[in-house]
>>> print(open('query21.cif').read())   # mmCIF, N, CA and C atoms
data_data
loop_
_atom_site.label_atom_id
_atom_site.label_comp_id
_atom_site.auth_asym_id
_atom_site.auth_seq_id
_atom_site.Cartn_x
_atom_site.Cartn_y
_atom_site.Cartn_z
N MET A 1 6.77 8.07 18.99
CA MET A 1 7.54 6.87 18.73
C MET A 1 7.01 6.11 17.52
N ILE A 2 5.67 5.96 17.44
CA ILE A 2 5.06 5.26 16.31
C ILE A 2 5.30 6.04 15.02
N LYS A 3 5.18 7.36 15.09
CA LYS A 3 5.42 8.18 13.89
C LYS A 3 6.86 7.99 13.41
N PHE A 4 7.80 7.94 14.33
CA PHE A 4 9.21 7.73 14.00
C PHE A 4 9.39 6.37 13.32
N LEU A 5 8.80 5.33 13.90
CA LEU A 5 8.90 3.98 13.32
C LEU A 5 8.25 3.92 11.94
N HIS A 6 7.08 4.54 11.82
CA HIS A 6 6.36 4.53 10.54
C HIS A 6 7.18 5.25 9.47
N THR A 7 7.82 6.34 9.84
CA THR A 7 8.61 7.12 8.89
C THR A 7 9.83 6.35 8.42
N TYR A 8 10.56 5.75 9.34
CA TYR A 8 11.80 5.10 8.96
C TYR A 8 11.62 3.67 8.49
N TRP A 9 10.51 3.04 8.84
CA TRP A 9 10.22 1.72 8.29
C TRP A 9 9.87 1.86 6.81
N ALA A 10 9.41 3.03 6.41
CA ALA A 10 9.09 3.28 5.00
C ALA A 10 10.33 3.11 4.12
N VAL A 11 11.49 3.43 4.65
CA VAL A 11 12.74 3.23 3.90
C VAL A 11 12.95 1.73 3.65
N VAL A 12 12.69 0.91 4.66
CA VAL A 12 12.81 -0.53 4.51
C VAL A 12 11.81 -1.03 3.46
N VAL A 13 10.60 -0.50 3.50
CA VAL A 13 9.57 -0.90 2.54
C VAL A 13 10.00 -0.56 1.12
N LEU A 14 10.49 0.65 0.91
CA LEU A 14 10.91 1.06 -0.43
C LEU A 14 12.08 0.21 -0.92
N LEU A 15 13.04 -0.06 -0.06
CA LEU A 15 14.17 -0.91 -0.44
C LEU A 15 13.70 -2.33 -0.80
N MET A 16 12.79 -2.86 -0.01
CA MET A 16 12.27 -4.20 -0.29
C MET A 16 11.48 -4.23 -1.60
N PHE A 17 10.74 -3.16 -1.89
CA PHE A 17 10.04 -3.08 -3.17
C PHE A 17 11.05 -3.17 -4.32
N VAL A 18 12.11 -2.38 -4.24
CA VAL A 18 13.11 -2.36 -5.30
C VAL A 18 13.77 -3.73 -5.44
N ILE A 19 14.16 -4.32 -4.33
CA ILE A 19 14.81 -5.64 -4.36
C ILE A 19 13.87 -6.69 -4.94
N THR A 20 12.63 -6.70 -4.50
CA THR A 20 11.65 -7.68 -4.97
C THR A 20 11.39 -7.53 -6.46
N LEU A 21 11.12 -6.31 -6.89
CA LEU A 21 10.81 -6.09 -8.30
C LEU A 21 12.02 -6.39 -9.18
N PHE A 22 13.21 -6.00 -8.74
CA PHE A 22 14.42 -6.29 -9.52
C PHE A 22 14.66 -7.79 -9.62
N THR A 23 14.51 -8.50 -8.51
CA THR A 23 14.72 -9.94 -8.49
C THR A 23 13.74 -10.66 -9.41
N PHE A 24 12.47 -10.28 -9.34
CA PHE A 24 11.46 -10.95 -10.16
C PHE A 24 11.60 -10.56 -11.63
N PHE A 25 11.99 -9.32 -11.91
CA PHE A 25 12.20 -8.91 -13.29
C PHE A 25 13.36 -9.68 -13.92
N ARG A 26 14.44 -9.79 -13.18
CA ARG A 26 15.61 -10.53 -13.67
C ARG A 26 15.25 -12.01 -13.90
N ALA A 27 14.53 -12.59 -12.98
CA ALA A 27 14.13 -14.00 -13.12
C ALA A 27 13.19 -14.18 -14.31
N PHE A 28 12.29 -13.23 -14.52
CA PHE A 28 11.36 -13.31 -15.65
C PHE A 28 12.12 -13.20 -16.97
N MET A 29 13.06 -12.27 -17.05
CA MET A 29 13.81 -12.06 -18.29
C MET A 29 14.73 -13.23 -18.63
N THR A 30 15.26 -13.88 -17.62
CA THR A 30 16.15 -15.02 -17.86
C THR A 30 15.40 -16.35 -17.94
N LYS A 31 14.06 -16.27 -17.85
CA LYS A 31 13.20 -17.46 -17.93
C LYS A 31 13.56 -18.52 -16.89
N LYS A 32 13.84 -18.04 -15.69
CA LYS A 32 14.21 -18.91 -14.58
C LYS A 32 12.98 -19.65 -14.07
N VAL A 33 13.17 -20.84 -13.55
CA VAL A 33 12.07 -21.61 -12.95
C VAL A 33 11.78 -21.04 -11.57
N PHE A 34 10.49 -20.89 -11.28
CA PHE A 34 10.08 -20.33 -9.99
C PHE A 34 10.57 -21.21 -8.85
N SER A 35 11.18 -20.59 -7.86
CA SER A 35 11.74 -21.32 -6.72
C SER A 35 10.97 -20.98 -5.46
N TYR A 36 10.47 -22.03 -4.81
CA TYR A 36 9.77 -21.81 -3.55
C TYR A 36 10.75 -21.53 -2.42
N GLN A 37 12.00 -21.90 -2.60
CA GLN A 37 13.02 -21.62 -1.58
C GLN A 37 13.41 -20.14 -1.57
N LYS A 38 13.46 -19.51 -2.74
CA LYS A 38 13.92 -18.13 -2.82
C LYS A 38 12.80 -17.17 -3.21
N ASP A 39 12.20 -17.39 -4.37
CA ASP A 39 11.23 -16.43 -4.91
C ASP A 39 9.99 -16.30 -4.05
N PHE A 40 9.46 -17.42 -3.61
CA PHE A 40 8.26 -17.38 -2.77
C PHE A 40 8.55 -16.64 -1.46
N ARG A 41 9.72 -16.88 -0.90
CA ARG A 41 10.08 -16.22 0.36
C ARG A 41 10.27 -14.72 0.19
N ILE A 42 10.84 -14.31 -0.93
CA ILE A 42 11.02 -12.88 -1.17
C ILE A 42 9.67 -12.18 -1.27
N ALA A 43 8.74 -12.77 -2.04
CA ALA A 43 7.41 -12.18 -2.18
C ALA A 43 6.68 -12.15 -0.84
N THR A 44 6.82 -13.21 -0.06
CA THR A 44 6.17 -13.27 1.26
C THR A 44 6.78 -12.24 2.21
N PHE A 45 8.09 -12.14 2.21
CA PHE A 45 8.76 -11.18 3.09
C PHE A 45 8.36 -9.75 2.73
N MET A 46 8.25 -9.46 1.43
CA MET A 46 7.83 -8.12 1.01
C MET A 46 6.42 -7.82 1.53
N LEU A 47 5.55 -8.79 1.43
CA LEU A 47 4.18 -8.60 1.91
C LEU A 47 4.17 -8.37 3.42
N ILE A 48 4.98 -9.12 4.17
CA ILE A 48 5.05 -8.95 5.62
C ILE A 48 5.59 -7.58 5.99
N VAL A 49 6.63 -7.14 5.29
CA VAL A 49 7.21 -5.82 5.55
C VAL A 49 6.17 -4.73 5.31
N PHE A 50 5.38 -4.88 4.25
CA PHE A 50 4.35 -3.88 3.96
C PHE A 50 3.21 -3.94 4.99
N TYR A 51 2.86 -5.14 5.44
CA TYR A 51 1.84 -5.25 6.48
C TYR A 51 2.29 -4.55 7.77
N ILE A 52 3.54 -4.70 8.13
CA ILE A 52 4.06 -4.01 9.32
C ILE A 52 3.93 -2.51 9.14
N GLN A 53 4.25 -2.02 7.95
CA GLN A 53 4.14 -0.59 7.67
C GLN A 53 2.68 -0.13 7.78
N ILE A 54 1.76 -0.93 7.26
CA ILE A 54 0.34 -0.57 7.34
C ILE A 54 -0.12 -0.52 8.79
N VAL A 55 0.27 -1.50 9.59
CA VAL A 55 -0.13 -1.51 11.00
C VAL A 55 0.44 -0.28 11.73
N LEU A 56 1.71 0.02 11.49
CA LEU A 56 2.30 1.23 12.10
C LEU A 56 1.57 2.48 11.63
N GLY A 57 1.22 2.52 10.36
CA GLY A 57 0.49 3.67 9.82
C GLY A 57 -0.90 3.82 10.42
N LEU A 58 -1.59 2.71 10.59
CA LEU A 58 -2.93 2.78 11.19
C LEU A 58 -2.88 3.23 12.64
N ILE A 59 -1.90 2.73 13.37
CA ILE A 59 -1.73 3.18 14.76
C ILE A 59 -1.42 4.67 14.78
N ASN A 60 -0.53 5.09 13.89
CA ASN A 60 -0.17 6.51 13.79
C ASN A 60 -1.39 7.35 13.42
N TYR A 61 -2.19 6.86 12.49
CA TYR A 61 -3.37 7.60 12.02
C TYR A 61 -4.40 7.77 13.14
N PHE A 62 -4.70 6.68 13.85
CA PHE A 62 -5.74 6.76 14.87
C PHE A 62 -5.29 7.46 16.14
N THR A 63 -4.00 7.71 16.30
CA THR A 63 -3.52 8.47 17.45
C THR A 63 -3.09 9.88 17.07
N SER A 64 -3.34 10.28 15.83
CA SER A 64 -2.88 11.59 15.34
C SER A 64 -3.88 12.69 15.66
N THR A 65 -3.41 13.90 15.50
CA THR A 65 -4.29 15.07 15.68
C THR A 65 -5.30 15.15 14.54
N TYR A 66 -4.95 14.59 13.38
CA TYR A 66 -5.90 14.59 12.26
C TYR A 66 -7.13 13.76 12.60
N PHE A 67 -6.93 12.60 13.21
CA PHE A 67 -8.07 11.76 13.57
C PHE A 67 -8.91 12.43 14.66
N ALA A 68 -8.23 13.08 15.61
CA ALA A 68 -8.97 13.83 16.64
C ALA A 68 -9.80 14.94 15.99
N GLY A 69 -9.23 15.59 14.98
CA GLY A 69 -9.97 16.63 14.26
C GLY A 69 -11.16 16.06 13.50
N LEU A 70 -11.00 14.86 12.94
CA LEU A 70 -12.12 14.22 12.26
C LEU A 70 -13.25 13.91 13.23
N GLN A 71 -12.90 13.51 14.44
CA GLN A 71 -13.92 13.23 15.44
C GLN A 71 -14.64 14.50 15.87
N GLU A 72 -13.97 15.64 15.75
CA GLU A 72 -14.58 16.93 16.10
C GLU A 72 -15.36 17.53 14.94
N GLY A 73 -15.34 16.89 13.78
CA GLY A 73 -16.12 17.36 12.64
C GLY A 73 -15.36 18.30 11.71
N LYS A 74 -14.06 18.18 11.63
CA LYS A 74 -13.26 19.07 10.78
C LYS A 74 -12.97 18.47 9.40
N PHE A 75 -13.75 17.51 8.98
CA PHE A 75 -13.51 16.84 7.70
C PHE A 75 -13.51 17.83 6.54
N GLY A 76 -14.49 18.71 6.50
CA GLY A 76 -14.59 19.70 5.43
C GLY A 76 -13.40 20.63 5.39
N ALA A 77 -12.93 21.04 6.56
CA ALA A 77 -11.76 21.92 6.62
C ALA A 77 -10.52 21.21 6.13
N TYR A 78 -10.38 19.93 6.45
CA TYR A 78 -9.23 19.15 5.99
C TYR A 78 -9.24 18.98 4.47
N MET A 79 -10.43 18.85 3.89
CA MET A 79 -10.51 18.63 2.45
C MET A 79 -10.15 19.87 1.64
N LYS A 80 -10.17 21.04 2.26
CA LYS A 80 -9.85 22.29 1.56
C LYS A 80 -8.36 22.56 1.48
N VAL A 81 -7.56 21.92 2.34
CA VAL A 81 -6.11 22.14 2.37
C VAL A 81 -5.44 20.89 1.79
N ALA A 82 -4.61 21.08 0.76
CA ALA A 82 -4.02 19.94 0.03
C ALA A 82 -3.23 19.00 0.94
N HIS A 83 -2.38 19.55 1.79
CA HIS A 83 -1.56 18.70 2.66
C HIS A 83 -2.42 17.93 3.64
N ASP A 84 -3.40 18.61 4.24
CA ASP A 84 -4.29 17.93 5.19
C ASP A 84 -5.11 16.84 4.50
N ARG A 85 -5.59 17.15 3.28
CA ARG A 85 -6.37 16.15 2.53
C ARG A 85 -5.52 14.92 2.25
N GLN A 86 -4.26 15.15 1.90
CA GLN A 86 -3.38 14.02 1.63
C GLN A 86 -3.18 13.17 2.89
N MET A 87 -2.98 13.82 4.02
CA MET A 87 -2.72 13.08 5.26
C MET A 87 -3.98 12.38 5.79
N VAL A 88 -5.13 12.98 5.58
CA VAL A 88 -6.37 12.42 6.13
C VAL A 88 -6.98 11.37 5.22
N MET A 89 -6.95 11.59 3.89
CA MET A 89 -7.66 10.70 2.98
C MET A 89 -6.75 10.00 1.97
N GLU A 90 -6.01 10.77 1.20
CA GLU A 90 -5.31 10.21 0.05
C GLU A 90 -4.24 9.19 0.44
N HIS A 91 -3.39 9.54 1.38
CA HIS A 91 -2.30 8.65 1.78
C HIS A 91 -2.82 7.34 2.37
N PRO A 92 -3.70 7.38 3.37
CA PRO A 92 -4.17 6.11 3.95
C PRO A 92 -4.94 5.24 2.95
N VAL A 93 -5.79 5.85 2.14
CA VAL A 93 -6.59 5.06 1.20
C VAL A 93 -5.71 4.43 0.12
N MET A 94 -4.76 5.19 -0.42
CA MET A 94 -3.87 4.65 -1.45
C MET A 94 -2.99 3.53 -0.90
N MET A 95 -2.54 3.66 0.34
CA MET A 95 -1.70 2.61 0.91
C MET A 95 -2.51 1.33 1.14
N LEU A 96 -3.74 1.47 1.57
CA LEU A 96 -4.59 0.28 1.74
C LEU A 96 -4.92 -0.36 0.39
N LEU A 97 -5.14 0.46 -0.65
CA LEU A 97 -5.36 -0.09 -1.99
C LEU A 97 -4.11 -0.79 -2.51
N ALA A 98 -2.94 -0.21 -2.22
CA ALA A 98 -1.68 -0.85 -2.62
C ALA A 98 -1.54 -2.21 -1.93
N LEU A 99 -1.91 -2.28 -0.67
CA LEU A 99 -1.86 -3.55 0.06
C LEU A 99 -2.79 -4.58 -0.57
N LEU A 100 -3.98 -4.15 -0.94
CA LEU A 100 -4.92 -5.08 -1.59
C LEU A 100 -4.37 -5.59 -2.92
N LEU A 101 -3.78 -4.71 -3.69
CA LEU A 101 -3.18 -5.13 -4.96
C LEU A 101 -2.04 -6.12 -4.74
N MET A 102 -1.20 -5.83 -3.76
CA MET A 102 -0.10 -6.75 -3.46
C MET A 102 -0.63 -8.11 -3.04
N HIS A 103 -1.64 -8.09 -2.22
CA HIS A 103 -2.21 -9.34 -1.73
C HIS A 103 -2.83 -10.14 -2.88
N TYR A 104 -3.48 -9.45 -3.78
CA TYR A 104 -4.07 -10.13 -4.94
C TYR A 104 -2.98 -10.76 -5.80
N GLY A 105 -1.92 -10.01 -6.07
CA GLY A 105 -0.81 -10.54 -6.86
C GLY A 105 -0.14 -11.71 -6.17
N TYR A 106 0.00 -11.61 -4.86
CA TYR A 106 0.60 -12.70 -4.07
C TYR A 106 -0.25 -13.96 -4.14
N ASN A 107 -1.56 -13.81 -4.01
CA ASN A 107 -2.46 -14.96 -4.09
C ASN A 107 -2.46 -15.58 -5.48
N ARG A 108 -2.38 -14.75 -6.51
CA ARG A 108 -2.29 -15.28 -7.89
C ARG A 108 -1.00 -16.06 -8.07
N MET A 109 0.09 -15.57 -7.48
CA MET A 109 1.38 -16.24 -7.59
C MET A 109 1.33 -17.63 -6.95
N LYS A 110 0.58 -17.76 -5.87
CA LYS A 110 0.53 -19.04 -5.16
C LYS A 110 -0.22 -20.12 -5.94
N LYS A 111 -1.05 -19.72 -6.90
CA LYS A 111 -1.82 -20.70 -7.65
C LYS A 111 -0.92 -21.47 -8.60
N GLY A 112 -1.39 -22.59 -9.06
CA GLY A 112 -0.60 -23.46 -9.92
C GLY A 112 -0.46 -22.95 -11.33
N MET A 113 0.35 -21.93 -11.54
CA MET A 113 0.59 -21.38 -12.86
C MET A 113 2.03 -21.70 -13.27
N SER A 114 2.35 -21.39 -14.50
CA SER A 114 3.72 -21.57 -14.95
C SER A 114 4.62 -20.50 -14.32
N SER A 115 5.91 -20.74 -14.33
CA SER A 115 6.86 -19.81 -13.71
C SER A 115 6.77 -18.40 -14.29
N PRO A 116 6.71 -18.23 -15.62
CA PRO A 116 6.61 -16.86 -16.14
C PRO A 116 5.36 -16.12 -15.67
N LYS A 117 4.26 -16.85 -15.55
CA LYS A 117 3.03 -16.21 -15.07
C LYS A 117 3.14 -15.82 -13.60
N LYS A 118 3.81 -16.63 -12.81
CA LYS A 118 4.02 -16.29 -11.40
C LYS A 118 4.86 -15.01 -11.28
N TYR A 119 5.95 -14.97 -12.05
CA TYR A 119 6.80 -13.78 -12.03
C TYR A 119 6.04 -12.55 -12.52
N MET A 120 5.27 -12.72 -13.59
CA MET A 120 4.54 -11.59 -14.15
C MET A 120 3.46 -11.11 -13.18
N SER A 121 2.83 -12.02 -12.46
CA SER A 121 1.82 -11.64 -11.49
C SER A 121 2.41 -10.72 -10.41
N ILE A 122 3.57 -11.11 -9.89
CA ILE A 122 4.21 -10.27 -8.88
C ILE A 122 4.67 -8.95 -9.49
N LEU A 123 5.26 -9.01 -10.67
CA LEU A 123 5.75 -7.79 -11.31
C LEU A 123 4.62 -6.79 -11.55
N ILE A 124 3.51 -7.27 -12.03
CA ILE A 124 2.39 -6.36 -12.33
C ILE A 124 1.80 -5.78 -11.05
N PHE A 125 1.39 -6.63 -10.13
CA PHE A 125 0.65 -6.14 -8.97
C PHE A 125 1.53 -5.46 -7.93
N TYR A 126 2.70 -6.00 -7.67
CA TYR A 126 3.63 -5.33 -6.77
C TYR A 126 4.14 -4.04 -7.42
N GLY A 127 4.32 -4.05 -8.74
CA GLY A 127 4.77 -2.86 -9.45
C GLY A 127 3.76 -1.73 -9.38
N ILE A 128 2.49 -2.04 -9.60
CA ILE A 128 1.44 -1.02 -9.48
C ILE A 128 1.37 -0.50 -8.05
N ALA A 129 1.47 -1.41 -7.09
CA ALA A 129 1.45 -1.00 -5.68
C ALA A 129 2.63 -0.08 -5.37
N PHE A 130 3.80 -0.40 -5.91
CA PHE A 130 4.99 0.43 -5.69
C PHE A 130 4.78 1.83 -6.24
N VAL A 131 4.21 1.94 -7.43
CA VAL A 131 3.93 3.26 -8.01
C VAL A 131 2.92 4.01 -7.15
N MET A 132 1.89 3.32 -6.68
CA MET A 132 0.90 3.96 -5.82
C MET A 132 1.53 4.48 -4.53
N VAL A 133 2.43 3.70 -3.96
CA VAL A 133 3.12 4.13 -2.74
C VAL A 133 3.98 5.36 -3.02
N LEU A 134 4.72 5.33 -4.11
CA LEU A 134 5.58 6.46 -4.45
C LEU A 134 4.78 7.74 -4.70
N ILE A 135 3.62 7.58 -5.34
CA ILE A 135 2.79 8.75 -5.65
C ILE A 135 2.24 9.39 -4.38
N ARG A 136 1.86 8.60 -3.39
CA ARG A 136 1.16 9.14 -2.23
C ARG A 136 2.01 9.26 -0.97
N ILE A 137 3.31 9.06 -1.06
CA ILE A 137 4.16 9.36 0.10
C ILE A 137 4.15 10.87 0.27
N PRO A 138 3.94 11.35 1.48
CA PRO A 138 3.98 12.82 1.69
C PRO A 138 5.43 13.31 1.67
N TRP A 139 5.97 13.53 0.47
CA TRP A 139 7.38 13.85 0.31
C TRP A 139 7.78 15.12 1.03
N LYS A 140 6.92 16.13 1.05
CA LYS A 140 7.26 17.39 1.72
C LYS A 140 7.45 17.17 3.22
N THR A 141 6.61 16.34 3.80
CA THR A 141 6.73 16.04 5.22
C THR A 141 7.89 15.11 5.50
N TRP A 142 8.07 14.15 4.60
CA TRP A 142 9.06 13.11 4.81
C TRP A 142 10.48 13.64 4.66
N LEU A 143 10.72 14.43 3.62
CA LEU A 143 12.05 14.95 3.37
C LEU A 143 12.18 16.28 4.06
#
>>> encode(input="query21.cif", output="structure tokens")
Amino acid sequence: MIKFLHTYWAVVVLLMFVITLFTFFRAFMTKKVFSYQKDFRIATFMLIVFYIQIVLGLINYFTSTYFAGLQEGKFGAYMKVAHDRQMVMEHPVMMLLALLLMHYGYNRMKKGMSSPKKYMSILIFYGIAFVMVLIRIPWKTWL
């Protein structure tokens, strides 16, 4: 059940990434004034959606056969197979790094900067996080 939720919630995460980045890019290009009614809520909602995905992923990870194998000492065997290495190390670590980047960009946005700097902060850090997520999604398993 958790694996199912984690898999299909990823679609929501990707859609929210696209909506957030498009909205902030458009606002930055049109030199719009930062709005706490709209822009702040979009950035916050994106962060919440990604946090839910991370929690589902961590539950999935710690209840998976991969984690059971790690407890049995199969780390070396997992590192020799590309798919296993991605599922055990690369995917979880990159997603946590993406979360840290998003959180950093979000915290920078909350500081008293000008509107263009707020938009640019989200565009840079959420954008890098989006690329990291796209790179480390296990596409073969997912599709």
>>> residues_around(input="query21.cif", residues="Tyr106 (chain A)", least_positions_apart="3", cutoff="7 Å", atoms="all atoms listed in the file", output="number ranges by chain")
A: 43, 101-103, 109-111, 121-122, 125-126
>>> atom_distance(input="query21.cif", atom1="CA of Ser64 (chain A)", atom2="atom C of Pro92 (chain A)")
14.1 Å
>>> residues_around(input="query21.cif", residues="Lys31 (chain A)", least_positions_apart="3", cutoff="12 Å", atoms="only C-alpha atoms", output="list in words")
Phe24, Phe25, Arg26, Ala27, Phe28, Phe34, Ser35, Ser114, Ser115, Pro116, Lys117, Lys118, Tyr119 and Met120 of chain A
>>> atom_distance(input="query21.cif", atom1="CA of Met132 (chain A)", atom2="CA of Phe17 (chain A)")
11.8 Å
>>> atom_distance(input="query21.cif", atom1="CA of Thr23 (chain A)", atom2="CA of Asn107 (chain A)")
18.4 Å
>>> closest_residue(input="query21.cif", among="A:Val133, A:Met29, A:Val13, A:Glu72", to="Phe50 (chain A)", atoms="all atoms listed in the file")
A:Val13
>>> residues_around(input="query21.cif", residues="Met16 (chain A)", least_positions_apart="6", cutoff="8 Å", atoms="only N, CA and C atoms", output="compact mmCIF listing (two decimals) with N, CA and C atoms, in the coordinates of the input")
# COMPACT_ATOMS: atom_id res chain seq x y z
N ALA A 10 9.41 3.03 6.41
CA ALA A 10 9.09 3.28 5.00
C ALA A 10 10.33 3.11 4.12
N PHE A 22 13.21 -6.00 -8.74
CA PHE A 22 14.42 -6.29 -9.52
C PHE A 22 14.66 -7.79 -9.62
N PHE A 45 8.09 -12.14 2.21
CA PHE A 45 8.76 -11.18 3.09
C PHE A 45 8.36 -9.75 2.73
N MET A 46 8.25 -9.46 1.43
CA MET A 46 7.83 -8.12 1.01
C MET A 46 6.42 -7.82 1.53
N VAL A 49 6.63 -7.14 5.29
CA VAL A 49 7.21 -5.82 5.55
C VAL A 49 6.17 -4.73 5.31
>>> closest_residue(input="query21.cif", among="A:Lys38, A:Lys3, A:Arg85, A:Lys32", to="Gln53 (chain A)", atoms="only C-alpha atoms")
A:Lys3
>>> select_by_dssp(input="query21.cif", residues="chain A", states="helix (DSSP H, G or I)", output="PyMOL selection string")
chain A and resi 2-29+39-62+65-71+75-80+82-110+115-136+139-142
>>> closest_residue(input="query21.cif", among="A:Leu58, A:Ile19, A:Ile128, A:Leu5", to="Leu100 (chain A)", atoms="only C-alpha atoms")
A:Ile128
>>> residues_around(input="query21.cif", residues="His6 (chain A)", least_positions_apart="5", cutoff="6 Å", atoms="only N, CA and C atoms", output="number ranges by chain")
A: 1, 56-57
>>> write_last_selection(input="query21.cif", atoms="N, CA and C atoms", output="mmCIF file, in the coordinates of the input")
data_model
loop_
_atom_site.group_PDB
_atom_site.id
_atom_site.type_symbol
_atom_site.label_atom_id
_atom_site.label_comp_id
_atom_site.auth_asym_id
_atom_site.auth_seq_id
_atom_site.Cartn_x
_atom_site.Cartn_y
_atom_site.Cartn_z
ATOM 1 N N MET A 1 6.770 8.070 18.990
ATOM 2 C CA MET A 1 7.540 6.870 18.730
ATOM 3 C C MET A 1 7.010 6.110 17.520
ATOM 4 N N LEU A 56 1.710 0.020 11.490
ATOM 5 C CA LEU A 56 2.300 1.230 12.100
ATOM 6 C C LEU A 56 1.570 2.480 11.630
ATOM 7 N N GLY A 57 1.220 2.520 10.360
ATOM 8 C CA GLY A 57 0.490 3.670 9.820
ATOM 9 C C GLY A 57 -0.900 3.820 10.420
#
>>> closest_residue(input="query21.cif", among="A:Leu99, A:Met87, A:Thr63, A:Leu21", to="Tyr51 (chain A)", atoms="only C-alpha atoms")
A:Leu99
>>> closest_residue(input="query21.cif", among="A:Leu96, A:Phe40, A:Gly73, A:Met79", to="Val55 (chain A)", atoms="only C-alpha atoms")
A:Leu96
